[in-house]
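> Structure: structure-v3.tsv, TSV, C-alpha atoms and all ligand atoms.
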chain	number	residue	atom	x	y	z
G	1	MET	CA	-1.63	-28.48	27.06
G	2	HIS	CA	-1.91	-30.19	23.69
G	3	ASN	CA	-4.96	-29.75	21.57
G	4	THR	CA	-5.61	-33.01	19.80
G	5	ASN	CA	-7.40	-31.26	16.94
G	6	ILE	CA	-4.12	-29.83	15.76
G	7	SER	CA	-1.43	-31.94	14.16
G	8	GLY	CA	1.28	-33.08	16.57
G	9	ASN	CA	3.99	-31.75	14.23
G	10	LEU	CA	2.70	-28.24	14.49
G	11	LEU	CA	2.51	-28.33	18.25
G	12	GLU	CA	6.14	-29.39	18.43
G	13	SER	CA	7.34	-26.72	16.00
G	14	PRO	CA	9.91	-24.27	17.43
G	15	GLN	CA	7.61	-21.37	16.55
G	16	LEU	CA	4.95	-22.69	18.86
G	17	GLU	CA	7.47	-23.45	21.60
G	18	GLU	CA	8.55	-19.82	21.43
G	19	ARG	CA	5.04	-18.52	21.70
G	20	GLY	CA	5.26	-17.92	25.39
G	21	ALA	CA	5.44	-19.64	28.69
G	22	SER	CA	2.12	-21.43	28.41
G	23	ASN	CA	2.38	-22.87	24.89
G	24	GLN	CA	-1.37	-22.57	24.99
G	25	SER	CA	-3.05	-22.57	21.60
G	26	TRP	CA	-5.14	-19.62	20.48
G	27	GLN	CA	-8.22	-21.81	20.56
G	28	GLU	CA	-7.72	-22.40	24.28
G	29	GLU	CA	-7.16	-18.82	25.36
G	30	THR	CA	-10.04	-16.90	26.91
G	31	PRO	CA	-11.51	-15.05	23.94
G	32	VAL	CA	-11.69	-11.27	23.93
G	33	TYR	CA	-14.37	-9.75	21.75
G	34	GLY	CA	-14.52	-6.35	20.10
G	35	ALA	CA	-16.62	-4.73	17.40
G	36	LEU	CA	-16.07	-3.08	14.07
G	37	VAL	CA	-18.59	-0.24	13.92
G	38	LEU	CA	-19.23	1.52	10.60
G	39	GLU	CA	-20.16	5.19	10.40
G	40	ASP	CA	-23.78	4.31	9.57
G	41	GLY	CA	-24.05	2.26	12.77
G	42	THR	CA	-23.62	-1.19	11.19
G	43	CYS	CA	-21.73	-3.38	13.60
G	44	PHE	CA	-19.68	-6.57	13.19
G	45	GLU	CA	-18.66	-8.35	16.35
G	46	GLY	CA	-15.40	-10.27	16.26
G	47	ARG	CA	-12.79	-12.04	18.30
G	48	SER	CA	-9.66	-10.02	18.98
G	49	PHE	CA	-6.26	-11.36	17.97
G	50	GLY	CA	-4.34	-8.10	17.95
G	51	TYR	CA	-3.88	-5.24	20.37
G	52	GLN	CA	-6.77	-4.59	22.69
G	53	GLY	CA	-7.20	-0.87	22.10
G	54	ALA	CA	-9.65	1.17	20.03
G	55	SER	CA	-8.77	2.59	16.62
G	56	ALA	CA	-10.65	4.61	14.00
G	57	GLY	CA	-10.09	5.10	10.28
G	58	GLU	CA	-11.48	4.35	6.82
G	59	VAL	CA	-12.57	0.74	6.28
G	60	VAL	CA	-11.12	-0.73	3.08
G	61	PHE	CA	-10.92	-4.24	1.68
G	62	CYS	CA	-8.19	-6.16	-0.13
G	63	THR	CA	-9.08	-9.12	-2.34
G	64	GLY	CA	-5.56	-10.54	-2.61
G	65	MET	CA	-4.80	-14.08	-1.46
G	66	VAL	CA	-1.37	-13.37	0.03
G	67	GLY	CA	0.83	-10.46	1.01
G	68	TYR	CA	-0.41	-9.37	4.42
G	69	PRO	CA	3.13	-8.55	5.71
G	70	GLU	CA	3.71	-6.29	2.70
G	71	ALA	CA	0.23	-4.73	2.84
G	72	LEU	CA	0.38	-4.03	6.57
G	73	THR	CA	3.74	-2.27	6.21
G	74	ASP	CA	2.77	-0.31	3.06
G	75	ALA	CA	2.51	3.32	4.18
G	76	SER	CA	-0.27	3.86	1.61
G	77	PHE	CA	-2.58	2.08	4.08
G	78	ALA	CA	-1.98	4.68	6.82
G	79	GLY	CA	-5.26	5.63	8.49
G	80	GLN	CA	-7.12	2.61	7.09
G	81	ILE	CA	-8.72	-0.40	8.74
G	82	LEU	CA	-7.86	-3.17	6.31
G	83	THR	CA	-10.24	-6.07	5.67
G	84	MET	CA	-8.68	-9.09	3.98
G	85	THR	CA	-11.28	-11.03	1.98
G	86	PHE	CA	-9.18	-14.18	1.52
G	87	PRO	CA	-10.56	-16.42	4.27
G	88	LEU	CA	-7.28	-17.52	5.92
G	89	MET	CA	-4.85	-15.01	7.34
G	90	GLY	CA	-1.73	-15.58	9.42
G	91	ASN	CA	-0.90	-19.08	8.17
G	92	TYR	CA	2.59	-18.20	6.93
G	93	GLY	CA	3.47	-15.94	9.86
G	94	VAL	CA	5.55	-12.78	9.61
G	95	PRO	CA	9.05	-12.57	8.06
G	96	ASP	CA	11.80	-10.33	9.43
G	97	GLU	CA	11.89	-6.62	8.68
G	98	SER	CA	14.12	-6.91	5.63
G	99	LEU	CA	11.09	-8.27	3.77
G	100	TRP	CA	8.66	-5.55	4.87
G	101	GLU	CA	7.72	-2.45	2.88
G	102	ASP	CA	8.55	-0.11	5.77
G	103	ASN	CA	9.84	-0.48	9.31
G	104	LYS	CA	6.42	-0.72	10.96
G	105	ILE	CA	2.76	-1.59	10.51
G	106	HIS	CA	0.85	1.31	8.96
G	107	VAL	CA	-2.75	0.04	8.97
G	108	SER	CA	-4.96	1.32	11.80
G	109	GLY	CA	-6.59	-2.08	12.22
G	110	LEU	CA	-7.02	-5.46	10.58
G	111	ILE	CA	-10.20	-7.47	9.94
G	112	VAL	CA	-10.06	-11.11	8.82
G	113	SER	CA	-12.39	-14.04	8.41
G	114	ASN	CA	-10.26	-16.79	9.99
G	115	TYR	CA	-7.08	-16.04	11.87
G	116	VAL	CA	-4.42	-18.79	11.91
G	117	ASP	CA	-2.22	-18.63	15.01
G	118	THR	CA	-0.01	-21.59	14.04
G	119	PRO	CA	2.22	-20.13	11.33
G	120	SER	CA	4.35	-22.43	9.24
G	121	HIS	CA	6.95	-20.92	6.91
G	122	PRO	CA	10.76	-21.05	6.90
G	123	GLN	CA	10.95	-17.25	6.97
G	124	SER	CA	8.40	-16.75	9.73
G	125	LYS	CA	9.74	-15.00	12.82
G	126	MET	CA	6.46	-14.53	14.70
G	127	SER	CA	2.74	-14.95	14.41
G	128	LEU	CA	0.55	-12.27	12.88
G	129	GLY	CA	-1.18	-11.76	16.24
G	130	GLU	CA	2.12	-11.31	18.10
G	131	TRP	CA	3.23	-8.76	15.54
G	132	LEU	CA	-0.01	-6.77	15.76
G	133	ARG	CA	0.07	-6.79	19.55
G	134	SER	CA	3.71	-5.67	19.66
G	135	GLU	CA	2.88	-2.73	17.36
G	136	LYS	CA	-0.36	-1.93	19.20
G	137	VAL	CA	-2.62	-2.51	16.20
G	138	PRO	CA	-6.08	-4.00	16.88
G	139	ALA	CA	-7.39	-6.91	14.80
G	140	LEU	CA	-10.67	-8.82	14.73
G	141	GLU	CA	-11.76	-12.13	13.30
G	142	ILE	CA	-15.33	-11.32	12.22
G	143	LYS	CA	-16.00	-14.51	10.20
G	144	ASP	CA	-18.13	-12.80	7.53
G	145	THR	CA	-15.72	-10.52	5.72
G	146	ARG	CA	-17.77	-11.21	2.56
G	147	LEU	CA	-20.81	-9.47	4.04
G	148	LEU	CA	-18.68	-6.51	5.15
G	149	THR	CA	-17.08	-6.25	1.70
G	150	GLN	CA	-20.41	-6.47	-0.11
G	151	TYR	CA	-21.71	-3.79	2.23
G	152	ILE	CA	-18.85	-1.40	1.37
G	153	ARG	CA	-19.15	-2.20	-2.34
G	154	THR	CA	-22.88	-1.41	-2.21
G	155	HIS	CA	-22.83	1.64	0.04
G	156	GLY	CA	-19.40	3.03	-0.84
G	157	ALA	CA	-16.24	3.73	1.18
G	158	MET	CA	-16.97	4.16	4.86
G	159	LEU	CA	-15.35	5.29	8.06
G	160	GLY	CA	-15.22	2.77	10.87
G	161	LYS	CA	-13.73	2.01	14.25
G	162	ILE	CA	-12.63	-1.05	16.16
G	163	VAL	CA	-13.81	-0.74	19.76
G	164	PHE	CA	-13.62	-2.81	22.92
G	165	ASP	CA	-14.92	-1.48	26.24
G	166	GLU	CA	-14.46	2.19	25.50
G	167	ASP	CA	-15.97	4.06	22.57
G	168	ILE	CA	-14.01	6.55	20.44
G	169	PRO	CA	-15.14	9.01	17.73
G	170	PHE	CA	-14.95	8.24	14.01
G	171	HIS	CA	-12.04	9.79	12.20
G	172	ASP	CA	-11.62	10.57	8.49
G	173	PRO	CA	-7.91	10.13	7.67
G	174	ASN	CA	-8.35	11.76	4.26
G	175	THR	CA	-8.77	15.17	5.92
G	176	GLU	CA	-5.14	14.98	7.13
G	177	ASN	CA	-1.85	15.34	5.30
G	178	LEU	CA	-0.90	11.69	5.77
G	179	VAL	CA	2.00	11.98	3.32
G	180	ALA	CA	3.72	14.43	5.67
G	181	GLN	CA	3.31	11.87	8.47
G	182	VAL	CA	4.86	8.89	6.67
G	183	SER	CA	7.45	10.48	4.35
G	184	GLY	CA	11.11	10.16	5.32
G	185	THR	CA	12.67	13.33	6.69
G	186	GLU	CA	16.23	12.84	5.36
G	187	VAL	CA	17.83	12.62	1.93
G	188	GLN	CA	19.02	9.02	1.54
G	189	ARG	CA	21.19	7.32	-1.05
G	190	TYR	CA	20.94	3.73	-2.29
G	191	GLY	CA	22.78	1.69	-4.90
G	192	GLU	CA	25.46	2.56	-7.41
G	193	GLY	CA	25.27	3.24	-11.11
G	194	GLU	CA	25.67	5.81	-13.85
G	195	THR	CA	22.04	6.87	-13.76
G	196	THR	CA	20.60	8.70	-10.76
G	197	ILE	CA	16.90	8.79	-9.98
G	198	ALA	CA	15.50	11.20	-7.41
G	199	LEU	CA	12.66	9.41	-5.65
G	200	ILE	CA	10.11	11.70	-3.99
G	201	ASP	CA	9.21	9.69	-0.89
G	202	CYS	CA	5.54	10.15	-0.14
G	203	GLY	CA	5.58	6.93	1.89
G	204	ALA	CA	7.53	4.87	-0.63
G	205	LYS	CA	7.34	1.09	-0.56
G	206	ARG	CA	10.85	-0.31	-0.16
G	207	ASN	CA	10.44	-2.42	-3.25
G	208	ILE	CA	10.63	0.67	-5.45
G	209	VAL	CA	14.22	1.26	-4.30
G	210	ARG	CA	14.96	-2.50	-4.43
G	211	SER	CA	13.66	-2.68	-8.03
G	212	LEU	CA	15.78	0.26	-9.20
G	213	VAL	CA	18.93	-0.80	-7.33
G	214	ALA	CA	18.58	-4.26	-8.94
G	215	LYS	CA	18.78	-2.45	-12.30
G	216	HIS	CA	22.08	-0.77	-11.20
G	217	ILE	CA	20.54	2.62	-10.59
G	218	ARG	CA	21.64	5.12	-7.98
G	219	VAL	CA	18.53	6.18	-6.06
G	220	ILE	CA	18.34	9.30	-3.92
G	221	THR	CA	15.17	9.50	-1.88
G	222	VAL	CA	14.00	12.91	-0.76
G	223	PRO	CA	11.21	13.95	1.63
G	224	TRP	CA	7.84	14.72	0.03
G	225	ASP	CA	8.31	18.50	0.41
G	226	TYR	CA	11.98	18.66	-0.62
G	227	ASP	CA	12.77	21.27	-3.26
G	228	LEU	CA	14.84	19.45	-5.87
G	229	PHE	CA	15.40	22.72	-7.73
G	230	SER	CA	16.67	24.87	-4.90
G	231	PRO	CA	20.37	25.84	-4.92
G	232	GLU	CA	20.66	23.91	-1.66
G	233	CYS	CA	20.04	20.63	-3.46
G	234	ASP	CA	23.64	19.40	-3.73
G	235	PHE	CA	23.23	16.42	-6.06
G	236	ASP	CA	22.41	15.90	-9.72
G	237	PHE	CA	19.78	13.53	-10.99
G	238	ASP	CA	18.65	12.25	-14.37
G	239	GLY	CA	15.00	11.55	-13.70
G	240	ILE	CA	12.31	11.95	-11.05
G	241	LEU	CA	10.09	9.19	-9.69
G	242	ILE	CA	7.15	9.99	-7.41
G	243	SER	CA	6.25	7.21	-5.01
G	244	ASN	CA	3.05	5.71	-3.68
G	245	GLY	CA	1.61	7.16	-0.49
G	246	PRO	CA	-1.47	7.49	1.71
G	247	GLY	CA	-4.51	9.73	1.58
G	248	ASN	CA	-5.84	12.33	-0.79
G	249	PRO	CA	-3.26	13.37	-3.43
G	250	LYS	CA	-4.44	16.98	-3.19
G	251	MET	CA	-2.95	17.13	0.30
G	252	ALA	CA	0.54	16.57	-1.14
G	253	ASP	CA	0.68	20.10	-2.58
G	254	LYS	CA	4.45	20.58	-2.25
G	255	ALA	CA	5.16	17.37	-4.17
G	256	VAL	CA	2.69	18.53	-6.84
G	257	ALA	CA	4.63	21.82	-7.15
G	258	THR	CA	7.98	19.97	-7.51
G	259	VAL	CA	6.57	17.73	-10.22
G	260	ARG	CA	5.11	20.71	-12.08
G	261	GLU	CA	8.58	22.28	-12.10
G	262	SER	CA	10.18	18.99	-13.15
G	263	MET	CA	7.94	18.76	-16.21
G	264	LYS	CA	8.45	22.44	-17.02
G	265	ARG	CA	12.18	21.70	-17.18
G	266	GLY	CA	11.59	18.64	-19.37
G	267	ILE	CA	13.07	16.18	-16.84
G	268	PRO	CA	11.90	12.57	-17.40
G	269	THR	CA	9.24	12.07	-14.71
G	270	MET	CA	7.32	8.97	-13.68
G	271	GLY	CA	4.70	8.40	-10.97
G	272	ILE	CA	3.48	5.30	-9.16
G	273	CYS	CA	0.01	5.19	-7.55
G	274	LEU	CA	-0.14	8.37	-5.41
G	275	GLY	CA	2.72	9.51	-7.67
G	276	HIS	CA	0.42	8.95	-10.68
G	277	GLN	CA	-2.22	11.11	-9.06
G	278	ILE	CA	0.35	13.80	-8.16
G	279	LEU	CA	1.77	13.85	-11.70
G	280	SER	CA	-1.77	14.16	-13.11
G	281	LEU	CA	-2.57	17.08	-10.79
G	282	ALA	CA	0.75	18.76	-11.61
G	283	ALA	CA	0.01	18.49	-15.35
G	284	GLY	CA	-3.46	20.03	-14.94
G	285	GLY	CA	-5.61	16.91	-14.54
G	286	ASP	CA	-7.93	16.10	-11.67
G	287	THR	CA	-8.51	13.28	-9.17
G	288	TYR	CA	-11.61	11.97	-7.38
G	289	LYS	CA	-12.42	9.37	-4.73
G	290	LEU	CA	-13.62	6.02	-6.05
G	291	LYS	CA	-16.85	4.58	-4.65
G	292	PHE	CA	-14.63	1.84	-3.25
G	293	GLY	CA	-10.93	1.29	-3.94
G	294	HIS	CA	-8.84	-1.29	-5.79
G	295	ARG	CA	-6.70	-3.30	-3.38
G	296	SER	CA	-5.23	-6.67	-4.37
G	297	GLN	CA	-2.72	-8.39	-6.61
G	298	ASN	CA	-5.34	-9.37	-9.18
G	299	GLN	CA	-6.38	-6.07	-10.76
G	300	PRO	CA	-6.65	-6.22	-14.57
G	301	ALA	CA	-5.14	-3.22	-16.39
G	302	LEU	CA	-5.89	-2.99	-20.12
G	303	MET	CA	-3.14	-1.34	-22.15
G	304	GLN	CA	-4.79	1.13	-24.49
G	305	GLY	CA	-4.20	0.62	-28.22
G	306	SER	CA	-3.45	-3.06	-27.66
G	307	LYS	CA	-5.23	-6.22	-26.56
G	308	ARG	CA	-2.91	-6.65	-23.60
G	309	CYS	CA	-4.25	-7.01	-20.12
G	310	TYR	CA	-1.74	-6.94	-17.28
G	311	ILE	CA	-2.59	-8.44	-13.92
G	312	THR	CA	-1.38	-5.85	-11.46
G	313	THR	CA	-0.95	-5.08	-7.78
G	314	GLN	CA	-3.00	-2.12	-6.63
G	315	ASN	CA	-3.88	-0.29	-3.46
G	316	HIS	CA	-5.75	2.94	-4.00
G	317	GLY	CA	-9.00	4.70	-3.14
G	318	PHE	CA	-8.53	7.79	-5.31
G	319	ALA	CA	-8.22	7.84	-9.10
G	320	VAL	CA	-7.42	10.19	-11.96
G	321	GLY	CA	-10.64	11.50	-13.55
G	322	THR	CA	-9.89	14.43	-15.84
G	323	LEU	CA	-6.76	13.70	-17.87
G	324	PRO	CA	-4.23	16.52	-18.32
G	325	GLN	CA	-3.95	18.16	-21.74
G	326	ASP	CA	-1.58	16.41	-24.16
G	327	PHE	CA	-1.73	13.18	-22.16
G	328	ASP	CA	-3.46	9.96	-23.27
G	329	ALA	CA	-4.89	7.18	-21.15
G	330	TRP	CA	-2.22	4.44	-21.08
G	331	PHE	CA	-4.06	1.81	-19.04
G	332	ILE	CA	-7.69	1.33	-18.02
G	333	ASN	CA	-9.02	-0.96	-15.26
G	334	ALA	CA	-10.96	-3.80	-16.93
G	335	ASN	CA	-13.33	-4.10	-13.94
G	336	ASP	CA	-14.67	-0.57	-13.67
G	337	GLY	CA	-13.13	1.38	-16.58
G	338	SER	CA	-11.24	3.78	-14.29
G	339	ASN	CA	-7.89	5.22	-15.34
G	340	GLU	CA	-4.76	3.17	-14.53
G	341	GLY	CA	-2.08	5.22	-16.25
G	342	ILE	CA	-1.37	8.24	-18.43
G	343	ARG	CA	1.35	9.12	-20.90
G	344	HIS	CA	2.35	12.43	-22.45
G	345	ARG	CA	2.01	12.39	-26.26
G	346	SER	CA	5.58	13.49	-26.92
G	347	LEU	CA	7.51	14.19	-23.69
G	348	PRO	CA	8.94	11.69	-21.16
G	349	PHE	CA	6.21	12.15	-18.54
G	350	PHE	CA	4.00	9.22	-17.56
G	351	SER	CA	2.57	7.45	-14.57
G	352	VAL	CA	0.74	4.31	-13.51
G	353	GLN	CA	-1.91	3.74	-10.88
G	354	PHE	CA	-0.76	0.17	-10.27
G	355	HIS	CA	2.51	-0.98	-8.69
G	356	PRO	CA	5.22	-2.08	-11.16
G	357	GLU	CA	7.39	-2.90	-8.12
G	358	ALA	CA	4.74	-5.45	-7.00
G	359	ALA	CA	5.55	-6.77	-3.46
G	360	PRO	CA	3.26	-8.49	-3.12
G	361	GLY	CA	2.07	-9.46	-6.53
G	362	PRO	CA	2.87	-10.27	-10.14
G	363	GLU	CA	6.06	-8.79	-11.59
G	364	ASP	CA	4.56	-8.53	-15.08
G	365	THR	CA	4.78	-4.74	-15.19
G	366	ASP	CA	8.41	-4.44	-14.01
G	367	TRP	CA	9.12	-3.38	-17.62
G	368	ILE	CA	7.59	0.03	-16.78
G	369	PHE	CA	10.83	0.80	-14.87
G	370	ASP	CA	12.86	-0.13	-17.98
G	371	TYR	CA	10.58	2.06	-20.09
G	372	PHE	CA	11.30	4.93	-17.68
G	373	LEU	CA	15.07	4.28	-17.61
G	374	GLU	CA	15.25	4.17	-21.42
G	375	ARG	CA	13.71	7.64	-21.51
G	376	VAL	CA	15.93	8.90	-18.68
G	377	ARG	CA	18.98	7.76	-20.68
G	378	GLY	CA	17.60	8.99	-23.99
G	379	GLU	CA	17.86	5.46	-25.42
G	380	HIS	CA	14.38	5.33	-26.92
G	381	GLU	CA	14.91	7.77	-29.77
G	401	LIG	N1	-0.89	3.17	-2.94
G	401	LIG	C1	-1.05	4.48	-3.12
G	401	LIG	O1	-0.13	5.20	-3.48
G	401	LIG	C2	-2.40	5.05	-2.81
G	401	LIG	C3	-2.67	6.40	-3.40
G	401	LIG	C4	-3.79	7.16	-2.72
G	401	LIG	N2	-3.53	7.34	-1.33
G	401	LIG	C5	-5.10	6.45	-2.93
G	401	LIG	O2	-5.64	5.86	-2.03
G	401	LIG	O3	-5.63	6.46	-4.01
Written as structure tokens, that's how I'd like the structure from this file.

Amino acid sequence: MHNTNISGNLLESPQLEERGASNQSWQEETPVYGALVLEDGTCFEGRSFGYQGASAGEVVFCTGMVGYPEALTDASFAGQILTMTFPLMGNYGVPDESLWEDNKIHVSGLIVSNYVDTPSHPQSKMSLGEWLRSEKVPALEIKDTRLLTQYIRTHGAMLGKIVFDEDIPFHDPNTENLVAQVSGTEVQRYGEGETTIALIDCGAKRNIVRSLVAKHIRVITVPWDYDLFSPECDFDFDGILISNGPGNPKMADKAVATVRESMKRGIPTMGICLGHQILSLAAGGDTYKLKFGHRSQNQPALMQGSKRCYITTQNHGFAVGTLPQDFDAWFINANDGSNEGIRHRSLPFFSVQFHPEAAPGPEDTDWIFDYFLERVRGEHE
């Protein structure tokens, strides 16, 4: 049946024809309602457009305008119910897996203001709702994501659950070793080149490998707990990169130990996001949980000792508080003054809280990879 409120072109698009036998629009389907319940009892009712099954986690918000396919498949979001504050979600559909950041959705649930079930984009393979249902991830359209976001900003990070008919307990994902759950289990090789980087995969976004391979680097990814210094490690490498990943960095103890050893041996070492937190812990610094995290592609990072402000992609709830000895703050978040990067005063050890690999987001800090590679190759002296 055609809904006259929607443009005729859209209704005749192949994507809509493929939507199922009925070709019924989302507006015409019998609505199913669920609720997002916060740990303090606050409740937001919403219409379901994902999987109809309960899920619990930490409720976080992202203030980016685009990038839901990348965010949903970023393993750093494991255990989190993601709220998108941009009011329209789903309008450009979902591209095929080659453009994702991992091979599945990692968020525990999705909350949006207005869900668009009529995607229009040349790369779209399915609607956001179809994708969420196929991966059994619940999603609600609660209309007032602004109220929810203001609530979290005022009261601080909170646990929450999406429920339908049956209730489930709250669950704090940060009490688990999430890195162990999302890290790859095999050593894997990518790209060709004269320089080899060992990437400690704590739940690495695929764009880290893509960014390095594009710079003609050989990348060898290893599981989070792999011992790069054991005699069983049968490959050589020139530098170590620690990836992004979910949860509390203190849970990733084995990666912290590897990075401590790496720095002891003077190997050029760089960290991204969780990797930044791991490098800081390994060097003797400390991390803490932010009142509420930074998640978006519009986070301003001020480069210390300059007037430069980079607009960066971020997705983190923890931050580096106490800086390790002999390290300086490299970047500071212009919104809340929290640390966004550290750099050793004389040795090639440094890390950034933001994502130089972007995806989604501005590519303005891609130069951080070049900075790393110059030090790996000894070209900076
Ligand atoms: N994107 C990430 O690597 C996130 C790091 C860490 N899990 C945090 O929330 O702070």
> Enter the distance from CA of Gly184 (chain G) to CA of Arg218 (chain G), in Å, rounded to one decimal.
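A separation of 17.7 Å between them.
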> Which residue, G:Ser76, G:Ser98, G:Gln123, G:Ser48, has the smallest gap to Ala35 (chain G) when you use all atoms listed in the file?
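Ranking G:Ser76, G:Ser98, G:Gln123, G:Ser48 by distance to Ala35 (chain G), first place goes to G:Ser48.
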> Could you check which of G:Asn248, G:Ser262, G:Thr221, G:Ser127 is closest to ligand LIG 401 (chain G), using all atoms listed in the file?
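Of the candidates, the smallest distance to ligand LIG 401 (chain G) is held by G:Asn248.
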> Could you give me, as a list in words, the residues that sit within 7 Å of (6.1, 2.2, -15.9) in the file's coordinates, counting all atoms listed in the file?
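Checked against the point, the hits come out as Ser351, Val352, Pro356, Trp367, Ile368, Phe369, Tyr371 and Phe372 of chain G.
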> Select from chain G every residue with an atom at most 7 Å from any atom of ligand LIG 401 (chain G), then for each give the shortest pair of atoms and their distance in Å to one decimal, using only C-alpha atoms and all ligand atoms, rows by chain and rising number, as a tab-separated table.

residue	atom	partner	partner_atom	distance
G:Ser76	CA	G:LIG401	N1	4.6
G:Ser243	CA	G:LIG401	O1	6.9
G:Asn244	CA	G:LIG401	O1	3.2
G:Gly245	CA	G:LIG401	O1	4.0
G:Pro246	CA	G:LIG401	N2	3.7
G:Gly247	CA	G:LIG401	N2	3.9
G:Asn248	CA	G:LIG401	N2	5.5
G:Pro249	CA	G:LIG401	C4	6.3
G:Ile272	CA	G:LIG401	O1	6.7
G:Cys273	CA	G:LIG401	O1	4.1
G:Leu274	CA	G:LIG401	O1	3.7
G:Gly275	CA	G:LIG401	O1	6.7
G:Gln314	CA	G:LIG401	N1	6.8
G:Asn315	CA	G:LIG401	N1	4.6
G:His316	CA	G:LIG401	O3	3.5
G:Gly317	CA	G:LIG401	O2	3.7
G:Phe318	CA	G:LIG401	O3	3.4
G:Ala319	CA	G:LIG401	O3	5.9
> Which residues are near Val59 (chain G)? Cut-off 10 Å, only C-alpha atoms, ignore same chain within fewer than 3 positions. Put them as a list in words.
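Contacts, with the query itself left out: Leu36, Val37, Leu38, Glu39, Ala56, Gly79, Gln80, Ile81, Leu82, Thr83, Ser108, Gly109, Leu110, Ile111, Leu148, Thr149, Ile152, Ala157, Met158, Leu159, Gly160, Lys161 and Phe292 of chain G.
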> When you count all atoms listed in the file, which of these residues is closest to Gln299 (chain G): G:Glu340, G:Glu261, G:Asp328, G:Glu357?
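Closest candidate: G:Glu340.
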> Kindly give the distance, in Å, that separates CA of Pro173 (chain G) and CA of Ala75 (chain G), rounded to a single decimal.
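Taking CA of Pro173 (chain G) as the start and CA of Ala75 (chain G) as the end point, the length is 12.9 Å.
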> For Gly129 (chain G), which residue out of G:Thr85, G:Thr196, G:Gly50, G:Glu28 is the nearest one, using only C-alpha atoms?
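Among the listed residues, G:Gly50 lies closest to Gly129 (chain G).
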> Could you please determine the separation between CA of Ala204 (chain G) and CA of Asp102 (chain G) in Å, to one decimal place?
8.2 Å
> Using only C-alpha atoms, collect all residues at a distance of at most 12 Å from (-6.6, 15.0, 7.1) as written in the file, then present them as JSON, numbers by chain.
{"G": [57, 58, 78, 79, 171, 172, 173, 174, 175, 176, 177, 178, 179, 180, 181, 246, 247, 248, 249, 250, 251, 252]}
> Using all atoms listed in the file, pick whichever of G:Leu212, G:Cys202, G:Ala71, G:Leu323 has the shortest atom-to-atom distance to Gly284 (chain G).
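Closest candidate: G:Leu323.
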